[in-house]
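**Q** What follows is the file start.cif, containing mmCIF, N, CA and C atoms:
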data_input
loop_
_atom_site.label_atom_id
_atom_site.label_comp_id
_atom_site.auth_asym_id
_atom_site.auth_seq_id
_atom_site.Cartn_x
_atom_site.Cartn_y
_atom_site.Cartn_z
N MET A 578 -13.15 18.06 -14.55
CA MET A 578 -12.73 17.28 -13.40
C MET A 578 -11.62 16.33 -13.85
N ASN A 579 -10.49 16.33 -13.13
CA ASN A 579 -9.40 15.44 -13.51
C ASN A 579 -9.60 14.05 -12.90
N ARG A 580 -8.71 13.15 -13.25
CA ARG A 580 -8.82 11.75 -12.84
C ARG A 580 -8.74 11.59 -11.32
N VAL A 581 -7.87 12.35 -10.68
CA VAL A 581 -7.71 12.24 -9.23
C VAL A 581 -8.99 12.69 -8.52
N GLU A 582 -9.54 13.81 -8.96
CA GLU A 582 -10.79 14.28 -8.37
C GLU A 582 -11.92 13.28 -8.59
N LEU A 583 -11.93 12.69 -9.77
CA LEU A 583 -12.95 11.69 -10.08
C LEU A 583 -12.83 10.47 -9.17
N LEU A 584 -11.61 10.00 -8.98
CA LEU A 584 -11.40 8.86 -8.09
C LEU A 584 -11.81 9.19 -6.65
N GLU A 585 -11.51 10.40 -6.22
CA GLU A 585 -11.89 10.81 -4.87
C GLU A 585 -13.41 10.86 -4.71
N LYS A 586 -14.09 11.36 -5.73
CA LYS A 586 -15.55 11.38 -5.69
C LYS A 586 -16.11 9.97 -5.63
N ILE A 587 -15.51 9.07 -6.40
CA ILE A 587 -15.96 7.67 -6.39
C ILE A 587 -15.81 7.09 -4.99
N ARG A 588 -14.69 7.35 -4.33
CA ARG A 588 -14.49 6.85 -2.96
C ARG A 588 -15.55 7.40 -2.00
N LYS A 589 -15.86 8.69 -2.15
CA LYS A 589 -16.87 9.30 -1.27
C LYS A 589 -18.25 8.70 -1.51
N VAL A 590 -18.59 8.47 -2.77
CA VAL A 590 -19.89 7.89 -3.08
C VAL A 590 -19.95 6.44 -2.58
N GLU A 591 -18.85 5.70 -2.73
CA GLU A 591 -18.82 4.32 -2.21
C GLU A 591 -19.00 4.31 -0.70
N ALA A 592 -18.39 5.26 -0.01
CA ALA A 592 -18.54 5.37 1.44
C ALA A 592 -19.99 5.69 1.81
N LEU A 593 -20.60 6.59 1.07
CA LEU A 593 -22.00 6.93 1.31
C LEU A 593 -22.89 5.72 1.05
N PHE A 594 -22.61 5.01 -0.01
CA PHE A 594 -23.40 3.84 -0.38
C PHE A 594 -23.34 2.77 0.71
N SER A 595 -22.16 2.54 1.25
CA SER A 595 -22.01 1.49 2.25
C SER A 595 -22.51 1.92 3.62
N ALA A 596 -22.62 3.23 3.87
CA ALA A 596 -22.99 3.71 5.20
C ALA A 596 -24.50 3.85 5.38
N THR A 597 -25.26 3.93 4.32
CA THR A 597 -26.69 4.18 4.46
C THR A 597 -27.50 2.89 4.49
N ASP A 598 -28.63 2.97 5.18
CA ASP A 598 -29.55 1.83 5.23
C ASP A 598 -30.84 2.11 4.45
N PHE A 599 -30.98 3.31 3.93
CA PHE A 599 -32.20 3.70 3.23
C PHE A 599 -32.11 3.35 1.75
N ALA A 600 -33.13 2.72 1.23
CA ALA A 600 -33.14 2.26 -0.16
C ALA A 600 -32.99 3.42 -1.15
N GLY A 601 -33.67 4.54 -0.90
CA GLY A 601 -33.59 5.69 -1.79
C GLY A 601 -32.18 6.26 -1.86
N GLU A 602 -31.53 6.37 -0.72
CA GLU A 602 -30.16 6.89 -0.69
C GLU A 602 -29.20 5.92 -1.37
N LYS A 603 -29.43 4.63 -1.14
CA LYS A 603 -28.57 3.63 -1.79
C LYS A 603 -28.71 3.70 -3.30
N GLU A 604 -29.92 3.87 -3.79
CA GLU A 604 -30.16 3.93 -5.23
C GLU A 604 -29.52 5.19 -5.83
N ALA A 605 -29.64 6.32 -5.14
CA ALA A 605 -29.03 7.56 -5.61
C ALA A 605 -27.51 7.43 -5.63
N ALA A 606 -26.97 6.85 -4.59
CA ALA A 606 -25.52 6.67 -4.55
C ALA A 606 -25.06 5.71 -5.63
N ARG A 607 -25.82 4.65 -5.87
CA ARG A 607 -25.46 3.66 -6.90
C ARG A 607 -25.48 4.32 -8.29
N SER A 608 -26.49 5.14 -8.59
CA SER A 608 -26.55 5.77 -9.91
C SER A 608 -25.42 6.80 -10.07
N ALA A 609 -25.11 7.54 -9.00
CA ALA A 609 -23.99 8.49 -9.06
C ALA A 609 -22.67 7.74 -9.26
N LEU A 610 -22.53 6.62 -8.59
CA LEU A 610 -21.32 5.81 -8.73
C LEU A 610 -21.18 5.27 -10.16
N ASP A 611 -22.28 4.83 -10.74
CA ASP A 611 -22.25 4.35 -12.13
C ASP A 611 -21.84 5.46 -13.10
N ARG A 612 -22.39 6.67 -12.91
CA ARG A 612 -22.02 7.79 -13.77
C ARG A 612 -20.53 8.13 -13.64
N LEU A 613 -20.02 8.14 -12.42
CA LEU A 613 -18.61 8.46 -12.20
C LEU A 613 -17.70 7.37 -12.79
N GLN A 614 -18.11 6.12 -12.67
CA GLN A 614 -17.33 5.02 -13.24
C GLN A 614 -17.25 5.16 -14.76
N LYS A 615 -18.35 5.55 -15.40
CA LYS A 615 -18.36 5.75 -16.85
C LYS A 615 -17.41 6.88 -17.24
N GLN A 616 -17.41 7.96 -16.48
CA GLN A 616 -16.48 9.06 -16.75
C GLN A 616 -15.04 8.60 -16.61
N LEU A 617 -14.79 7.78 -15.61
CA LEU A 617 -13.44 7.28 -15.37
C LEU A 617 -12.96 6.42 -16.53
N VAL A 618 -13.83 5.59 -17.07
CA VAL A 618 -13.47 4.74 -18.20
C VAL A 618 -13.21 5.57 -19.45
N GLN A 619 -13.91 6.69 -19.60
CA GLN A 619 -13.76 7.53 -20.78
C GLN A 619 -12.47 8.35 -20.76
N SER A 620 -11.83 8.48 -19.60
CA SER A 620 -10.61 9.28 -19.54
C SER A 620 -9.43 8.44 -19.04
N PRO A 621 -9.09 7.37 -19.77
CA PRO A 621 -7.99 6.53 -19.32
C PRO A 621 -6.63 7.20 -19.54
N GLU A 622 -5.70 6.84 -18.70
CA GLU A 622 -4.32 7.30 -18.86
C GLU A 622 -3.49 6.12 -19.31
N PRO A 623 -2.38 6.39 -19.99
CA PRO A 623 -1.56 5.27 -20.45
C PRO A 623 -0.93 4.54 -19.26
N LEU A 624 -0.89 3.22 -19.37
CA LEU A 624 -0.25 2.42 -18.34
C LEU A 624 1.24 2.30 -18.65
N LEU A 625 2.03 2.50 -17.63
CA LEU A 625 3.47 2.38 -17.75
C LEU A 625 3.93 1.20 -16.92
N GLU A 626 5.05 0.62 -17.29
CA GLU A 626 5.59 -0.50 -16.53
C GLU A 626 6.61 0.02 -15.53
N PHE A 627 6.39 -0.29 -14.26
CA PHE A 627 7.29 0.15 -13.20
C PHE A 627 7.91 -1.07 -12.55
N GLN A 628 9.16 -0.90 -12.12
CA GLN A 628 9.88 -1.96 -11.42
C GLN A 628 10.17 -1.48 -10.01
N PHE A 629 9.81 -2.29 -9.04
CA PHE A 629 10.04 -1.98 -7.63
C PHE A 629 10.95 -3.03 -7.04
N SER A 630 11.90 -2.60 -6.26
CA SER A 630 12.78 -3.52 -5.56
C SER A 630 12.40 -3.46 -4.08
N LEU A 631 11.84 -4.55 -3.59
CA LEU A 631 11.35 -4.61 -2.22
C LEU A 631 11.95 -5.81 -1.51
N PRO A 632 13.19 -5.68 -0.99
CA PRO A 632 13.85 -6.82 -0.37
C PRO A 632 13.22 -7.27 0.94
N ASP A 633 12.52 -6.37 1.64
CA ASP A 633 11.85 -6.74 2.89
C ASP A 633 10.60 -7.55 2.54
N PRO A 634 10.52 -8.81 2.99
CA PRO A 634 9.37 -9.65 2.60
C PRO A 634 8.03 -9.11 3.09
N TRP A 635 8.00 -8.46 4.25
CA TRP A 635 6.75 -7.93 4.77
C TRP A 635 6.26 -6.77 3.91
N LYS A 636 7.17 -5.89 3.53
CA LYS A 636 6.79 -4.76 2.70
C LYS A 636 6.40 -5.21 1.29
N ARG A 637 7.08 -6.24 0.79
CA ARG A 637 6.73 -6.77 -0.53
C ARG A 637 5.31 -7.35 -0.51
N ARG A 638 4.99 -8.10 0.53
CA ARG A 638 3.62 -8.66 0.64
C ARG A 638 2.59 -7.55 0.74
N LEU A 639 2.89 -6.52 1.53
CA LEU A 639 1.98 -5.38 1.67
C LEU A 639 1.78 -4.70 0.33
N PHE A 640 2.86 -4.44 -0.40
CA PHE A 640 2.78 -3.76 -1.69
C PHE A 640 1.93 -4.57 -2.68
N MET A 641 2.16 -5.87 -2.74
CA MET A 641 1.40 -6.70 -3.68
C MET A 641 -0.07 -6.77 -3.29
N ALA A 642 -0.36 -6.82 -2.00
CA ALA A 642 -1.75 -6.83 -1.56
C ALA A 642 -2.46 -5.52 -1.92
N LEU A 643 -1.77 -4.40 -1.72
CA LEU A 643 -2.36 -3.10 -2.10
C LEU A 643 -2.59 -3.02 -3.61
N ALA A 644 -1.62 -3.48 -4.37
CA ALA A 644 -1.78 -3.45 -5.83
C ALA A 644 -3.00 -4.29 -6.24
N ARG A 645 -3.12 -5.46 -5.67
CA ARG A 645 -4.27 -6.33 -6.02
C ARG A 645 -5.59 -5.71 -5.58
N ARG A 646 -5.58 -5.04 -4.42
CA ARG A 646 -6.80 -4.39 -3.95
C ARG A 646 -7.25 -3.30 -4.93
N HIS A 647 -6.28 -2.68 -5.62
CA HIS A 647 -6.60 -1.64 -6.60
C HIS A 647 -6.83 -2.23 -7.99
N GLY A 648 -6.95 -3.55 -8.08
CA GLY A 648 -7.26 -4.18 -9.36
C GLY A 648 -6.06 -4.36 -10.27
N LEU A 649 -4.86 -4.26 -9.73
CA LEU A 649 -3.64 -4.41 -10.51
C LEU A 649 -3.07 -5.81 -10.33
N THR A 650 -2.21 -6.22 -11.26
CA THR A 650 -1.61 -7.54 -11.20
C THR A 650 -0.09 -7.41 -11.09
N PRO A 651 0.44 -7.61 -9.89
CA PRO A 651 1.91 -7.58 -9.75
C PRO A 651 2.52 -8.83 -10.38
N TYR A 652 3.72 -8.68 -10.94
CA TYR A 652 4.38 -9.83 -11.59
C TYR A 652 5.88 -9.62 -11.56
N ARG A 653 6.61 -10.68 -11.95
CA ARG A 653 8.06 -10.62 -12.13
C ARG A 653 8.36 -11.18 -13.50
N LEU A 654 9.36 -10.64 -14.14
CA LEU A 654 9.79 -11.18 -15.41
C LEU A 654 10.72 -12.36 -15.16
N ARG A 655 10.85 -13.20 -16.13
CA ARG A 655 11.71 -14.38 -16.00
C ARG A 655 13.12 -13.94 -15.61
N ARG A 656 13.69 -14.63 -14.65
CA ARG A 656 15.04 -14.44 -14.14
C ARG A 656 15.21 -13.18 -13.28
N GLN A 657 14.13 -12.50 -12.96
CA GLN A 657 14.25 -11.37 -12.03
C GLN A 657 14.31 -11.91 -10.60
N ARG A 658 14.90 -11.12 -9.74
CA ARG A 658 15.01 -11.51 -8.33
C ARG A 658 13.64 -11.60 -7.69
N TYR A 659 13.58 -12.38 -6.63
CA TYR A 659 12.34 -12.55 -5.89
C TYR A 659 11.88 -11.22 -5.29
N SER A 660 12.81 -10.33 -5.00
CA SER A 660 12.48 -9.05 -4.38
C SER A 660 11.95 -8.02 -5.39
N THR A 661 11.97 -8.36 -6.67
CA THR A 661 11.50 -7.44 -7.70
C THR A 661 10.01 -7.64 -7.94
N VAL A 662 9.30 -6.53 -8.01
CA VAL A 662 7.87 -6.55 -8.33
C VAL A 662 7.65 -5.59 -9.49
N MET A 663 7.03 -6.09 -10.55
CA MET A 663 6.69 -5.27 -11.71
C MET A 663 5.20 -4.95 -11.64
N LEU A 664 4.85 -3.78 -12.16
CA LEU A 664 3.47 -3.34 -12.12
C LEU A 664 3.18 -2.43 -13.29
N ARG A 665 2.05 -2.60 -13.94
CA ARG A 665 1.58 -1.69 -14.98
C ARG A 665 0.51 -0.80 -14.36
N ILE A 666 0.82 0.51 -14.31
CA ILE A 666 -0.06 1.48 -13.67
C ILE A 666 0.23 2.84 -14.27
N SER A 667 -0.73 3.73 -14.25
CA SER A 667 -0.48 5.08 -14.75
C SER A 667 0.37 5.84 -13.72
N GLN A 668 1.14 6.77 -14.22
CA GLN A 668 2.01 7.56 -13.34
C GLN A 668 1.20 8.29 -12.29
N ARG A 669 0.08 8.85 -12.68
CA ARG A 669 -0.74 9.62 -11.74
C ARG A 669 -1.31 8.72 -10.65
N ASP A 670 -1.80 7.54 -11.02
CA ASP A 670 -2.35 6.63 -10.01
C ASP A 670 -1.26 6.17 -9.04
N LEU A 671 -0.07 5.94 -9.56
CA LEU A 671 1.04 5.54 -8.71
C LEU A 671 1.39 6.66 -7.73
N ASP A 672 1.50 7.89 -8.24
CA ASP A 672 1.93 9.02 -7.43
C ASP A 672 0.88 9.51 -6.43
N THR A 673 -0.38 9.41 -6.79
CA THR A 673 -1.42 9.97 -5.93
C THR A 673 -2.14 8.95 -5.08
N CYS A 674 -2.06 7.69 -5.44
CA CYS A 674 -2.86 6.70 -4.73
C CYS A 674 -2.01 5.58 -4.15
N LEU A 675 -1.45 4.74 -5.01
CA LEU A 675 -0.80 3.51 -4.56
C LEU A 675 0.44 3.78 -3.70
N TRP A 676 1.37 4.58 -4.19
CA TRP A 676 2.63 4.76 -3.47
C TRP A 676 2.45 5.48 -2.13
N PRO A 677 1.68 6.59 -2.04
CA PRO A 677 1.49 7.21 -0.72
C PRO A 677 0.80 6.26 0.27
N GLU A 678 -0.16 5.49 -0.21
CA GLU A 678 -0.84 4.52 0.66
C GLU A 678 0.14 3.46 1.13
N PHE A 679 0.99 2.98 0.23
CA PHE A 679 1.99 1.98 0.60
C PHE A 679 2.95 2.54 1.64
N LEU A 680 3.44 3.75 1.45
CA LEU A 680 4.38 4.34 2.41
C LEU A 680 3.77 4.48 3.79
N GLU A 681 2.53 4.92 3.85
CA GLU A 681 1.87 5.10 5.15
C GLU A 681 1.64 3.76 5.84
N LEU A 682 1.13 2.79 5.10
CA LEU A 682 0.89 1.47 5.70
C LEU A 682 2.20 0.77 6.03
N SER A 683 3.22 1.02 5.26
CA SER A 683 4.52 0.43 5.52
C SER A 683 5.09 0.93 6.85
N LYS A 684 4.91 2.21 7.13
CA LYS A 684 5.35 2.76 8.42
C LYS A 684 4.61 2.09 9.57
N LEU A 685 3.29 1.94 9.41
CA LEU A 685 2.49 1.29 10.45
C LEU A 685 2.93 -0.15 10.66
N LEU A 686 3.15 -0.87 9.57
CA LEU A 686 3.59 -2.27 9.66
C LEU A 686 4.95 -2.36 10.35
N GLN A 687 5.89 -1.49 9.97
CA GLN A 687 7.22 -1.49 10.57
C GLN A 687 7.14 -1.25 12.08
N THR A 688 6.33 -0.29 12.48
CA THR A 688 6.16 0.02 13.90
C THR A 688 5.58 -1.17 14.65
N TYR A 689 4.56 -1.79 14.07
CA TYR A 689 3.93 -2.95 14.71
C TYR A 689 4.91 -4.10 14.84
N LEU A 690 5.63 -4.41 13.77
CA LEU A 690 6.57 -5.52 13.82
C LEU A 690 7.70 -5.26 14.82
N GLU A 691 8.16 -4.02 14.90
CA GLU A 691 9.21 -3.67 15.85
C GLU A 691 8.72 -3.84 17.29
N GLU A 692 7.52 -3.36 17.56
CA GLU A 692 6.96 -3.50 18.91
C GLU A 692 6.75 -4.96 19.28
N ALA A 693 6.23 -5.75 18.33
CA ALA A 693 6.00 -7.17 18.60
C ALA A 693 7.31 -7.90 18.85
N THR A 694 8.33 -7.60 18.04
CA THR A 694 9.63 -8.24 18.21
C THR A 694 10.23 -7.88 19.56
N ASN A 695 10.21 -6.61 19.93
CA ASN A 695 10.75 -6.18 21.22
C ASN A 695 10.02 -6.84 22.38
N ASP A 696 8.71 -6.94 22.28
CA ASP A 696 7.92 -7.57 23.34
C ASP A 696 8.27 -9.05 23.48
N ILE A 697 8.37 -9.75 22.37
CA ILE A 697 8.69 -11.18 22.41
C ILE A 697 10.09 -11.41 22.99
N ILE A 698 11.07 -10.64 22.54
CA ILE A 698 12.44 -10.80 23.03
C ILE A 698 12.52 -10.46 24.52
N ALA A 699 11.90 -9.35 24.92
CA ALA A 699 11.94 -8.94 26.33
C ALA A 699 11.22 -9.95 27.22
N THR A 700 10.15 -10.54 26.77
CA THR A 700 9.39 -11.48 27.56
C THR A 700 10.06 -12.85 27.62
N ALA A 701 10.53 -13.33 26.50
CA ALA A 701 11.01 -14.70 26.42
C ALA A 701 12.52 -14.86 26.61
N ILE A 702 13.31 -13.80 26.34
CA ILE A 702 14.76 -13.99 26.35
C ILE A 702 15.44 -13.12 27.41
N HIS A 703 15.35 -11.79 27.26
CA HIS A 703 16.00 -10.90 28.23
C HIS A 703 15.37 -9.52 28.15
N GLN A 704 15.24 -8.87 29.32
CA GLN A 704 14.60 -7.55 29.40
C GLN A 704 15.41 -6.44 28.75
N ASP A 705 16.74 -6.54 28.78
CA ASP A 705 17.61 -5.46 28.30
C ASP A 705 17.67 -5.50 26.76
N LEU A 706 17.05 -4.54 26.12
CA LEU A 706 17.02 -4.45 24.66
C LEU A 706 17.90 -3.32 24.14
N SER A 707 18.75 -2.78 25.00
CA SER A 707 19.59 -1.65 24.58
C SER A 707 20.66 -2.12 23.61
N ASP A 708 21.20 -1.16 22.84
CA ASP A 708 22.27 -1.46 21.90
C ASP A 708 23.56 -1.78 22.66
N ALA A 709 24.51 -2.36 21.97
CA ALA A 709 25.81 -2.65 22.56
C ALA A 709 26.51 -1.35 22.88
N SER A 710 27.22 -1.32 24.01
CA SER A 710 27.93 -0.10 24.39
C SER A 710 29.22 0.00 23.59
N GLU A 711 29.64 1.24 23.37
CA GLU A 711 30.86 1.47 22.61
C GLU A 711 32.05 1.45 23.55
N GLN A 712 33.07 0.71 23.19
CA GLN A 712 34.27 0.58 24.01
C GLN A 712 35.46 1.15 23.25
N PRO A 713 36.46 1.62 23.98
CA PRO A 713 37.68 2.08 23.29
C PRO A 713 38.38 0.89 22.66
N ASN A 714 39.14 1.16 21.63
CA ASN A 714 39.87 0.08 20.97
C ASN A 714 40.92 -0.48 21.93
N LEU A 715 40.74 -1.72 22.28
CA LEU A 715 41.67 -2.38 23.18
C LEU A 715 42.54 -3.33 22.38
N PRO A 716 43.81 -3.44 22.73
CA PRO A 716 44.67 -4.37 21.99
C PRO A 716 44.23 -5.81 22.25
N LEU A 717 44.31 -6.61 21.22
CA LEU A 717 43.98 -8.02 21.35
C LEU A 717 45.13 -8.75 22.01
N GLY A 718 44.84 -9.69 22.84
CA GLY A 718 45.89 -10.55 23.38
C GLY A 718 46.23 -10.29 24.72
#
Output the file's structure as structure tokens, nothing else.

**A**
Amino acid sequence: MNRVELLEKIRKVEALFSATDFAGEKEAARSALDRLQKQLVQSPEPLLEFQFSLPDPWKRRLFMALARRHGLTPYRLRRQRYSTVMLRISQRDLDTCLWPEFLELSKLLQTYLEEATNDIIATAIHQDLSDASEQPNLPLG
């Protein structure tokens, strides 16, 4: 069983553990989870240092929150830009877990923020949210 499959099994067992109310099922799920966690610790992958440039403050906050939720510590090196986020993570975990999750949630966040902005502008300022119309080049003066 590879690391990705192991992580997926852990997620399924955690879901089972949190969904059941029966003591026997909880105990079985807890022991299975402990065994899987031990296997995960025995097959570590090397951590690599990655640099991300996230100039959008909302996406940067989302990325750092996801990293922290996965037990990682985002940081910046001295004199790096505020938009830079450094992270030590294995390539496989980045490719299969963190980055796809970030991209999906980032799309959702972008859609939500766009809808909220359009609603606020249309309600408080003006209903017409269309782009500026294109005009032929007219001479100045």

**Q** Take the PyMOL selection byres (((chain A and resi 679-686 and name CA) around 8) and name CA), run it mentally on this structure, and tell me the resulting residues as a list in words.

**A**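 Here the PyMOL selection byres (((chain A and resi 679-686 and name CA) around 8) and name CA) matches Lys636, Leu639, Phe640, Leu643, Leu675, Trp676, Pro677, Glu678, Gln687, Thr688, Tyr689 and Leu690 of chain A.
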
**Q** Given the PyMOL selection byres ((chain A and resi 652) around 6) and the file above, list the residues it selects as an mmCIF file with N, CA and C atoms, keeping the file's coordinate frame.

**A**
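As a result, selection.cif now contains:
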data_model
loop_
_atom_site.group_PDB
_atom_site.id
_atom_site.type_symbol
_atom_site.label_atom_id
_atom_site.label_comp_id
_atom_site.auth_asym_id
_atom_site.auth_seq_id
_atom_site.Cartn_x
_atom_site.Cartn_y
_atom_site.Cartn_z
ATOM 1 N N THR A 650 -2.210 -6.220 -11.260
ATOM 2 C CA THR A 650 -1.610 -7.540 -11.200
ATOM 3 C C THR A 650 -0.090 -7.410 -11.090
ATOM 4 N N PRO A 651 0.440 -7.610 -9.890
ATOM 5 C CA PRO A 651 1.910 -7.580 -9.750
ATOM 6 C C PRO A 651 2.520 -8.830 -10.380
ATOM 7 N N ARG A 653 6.610 -10.680 -11.950
ATOM 8 C CA ARG A 653 8.060 -10.620 -12.130
ATOM 9 C C ARG A 653 8.360 -11.180 -13.500
ATOM 10 N N LEU A 654 9.360 -10.640 -14.140
ATOM 11 C CA LEU A 654 9.790 -11.180 -15.410
ATOM 12 C C LEU A 654 10.720 -12.360 -15.160
ATOM 13 N N THR A 661 11.970 -8.360 -6.670
ATOM 14 C CA THR A 661 11.500 -7.440 -7.700
ATOM 15 C C THR A 661 10.010 -7.640 -7.940
ATOM 16 N N VAL A 662 9.300 -6.530 -8.010
ATOM 17 C CA VAL A 662 7.870 -6.550 -8.330
ATOM 18 C C VAL A 662 7.650 -5.590 -9.490
ATOM 19 N N MET A 663 7.030 -6.090 -10.550
ATOM 20 C CA MET A 663 6.690 -5.270 -11.710
ATOM 21 C C MET A 663 5.200 -4.950 -11.640
ATOM 22 N N LEU A 664 4.850 -3.780 -12.160
ATOM 23 C CA LEU A 664 3.470 -3.340 -12.120
ATOM 24 C C LEU A 664 3.180 -2.430 -13.290
#

**Q** Which distance in Å separates atom CA of Leu671 of chain A and atom CA of Pro621 of chain A, to one decimal?

**A**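 Spanning atom CA of Leu671 of chain A to atom CA of Pro621 of chain A is a straight-line distance of 14.0 Å.
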
**Q** Could you please write out, as a ChimeraX atom specification, every residue of segment 606-712 of chain A that DSSP assigns to alpha helix (DSSP H)?

**A** /A:606-619,634-646,668-670,676-701

**Q** Record the distance separating atom CA of Leu624 of chain A and atom CA of Ile666 of chain A, expressed in Å with one decimal.

**A**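 Atom-to-atom, atom CA of Leu624 of chain A and atom CA of Ile666 of chain A are spaced 4.8 Å apart.
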
**Q** Take atom C of Glu622 of chain A and atom C of Arg665 of chain A and report the distance between them in Å, one decimal.

**A**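 Between atom C of Glu622 of chain A and atom C of Arg665 of chain A the gap is 9.4 Å.
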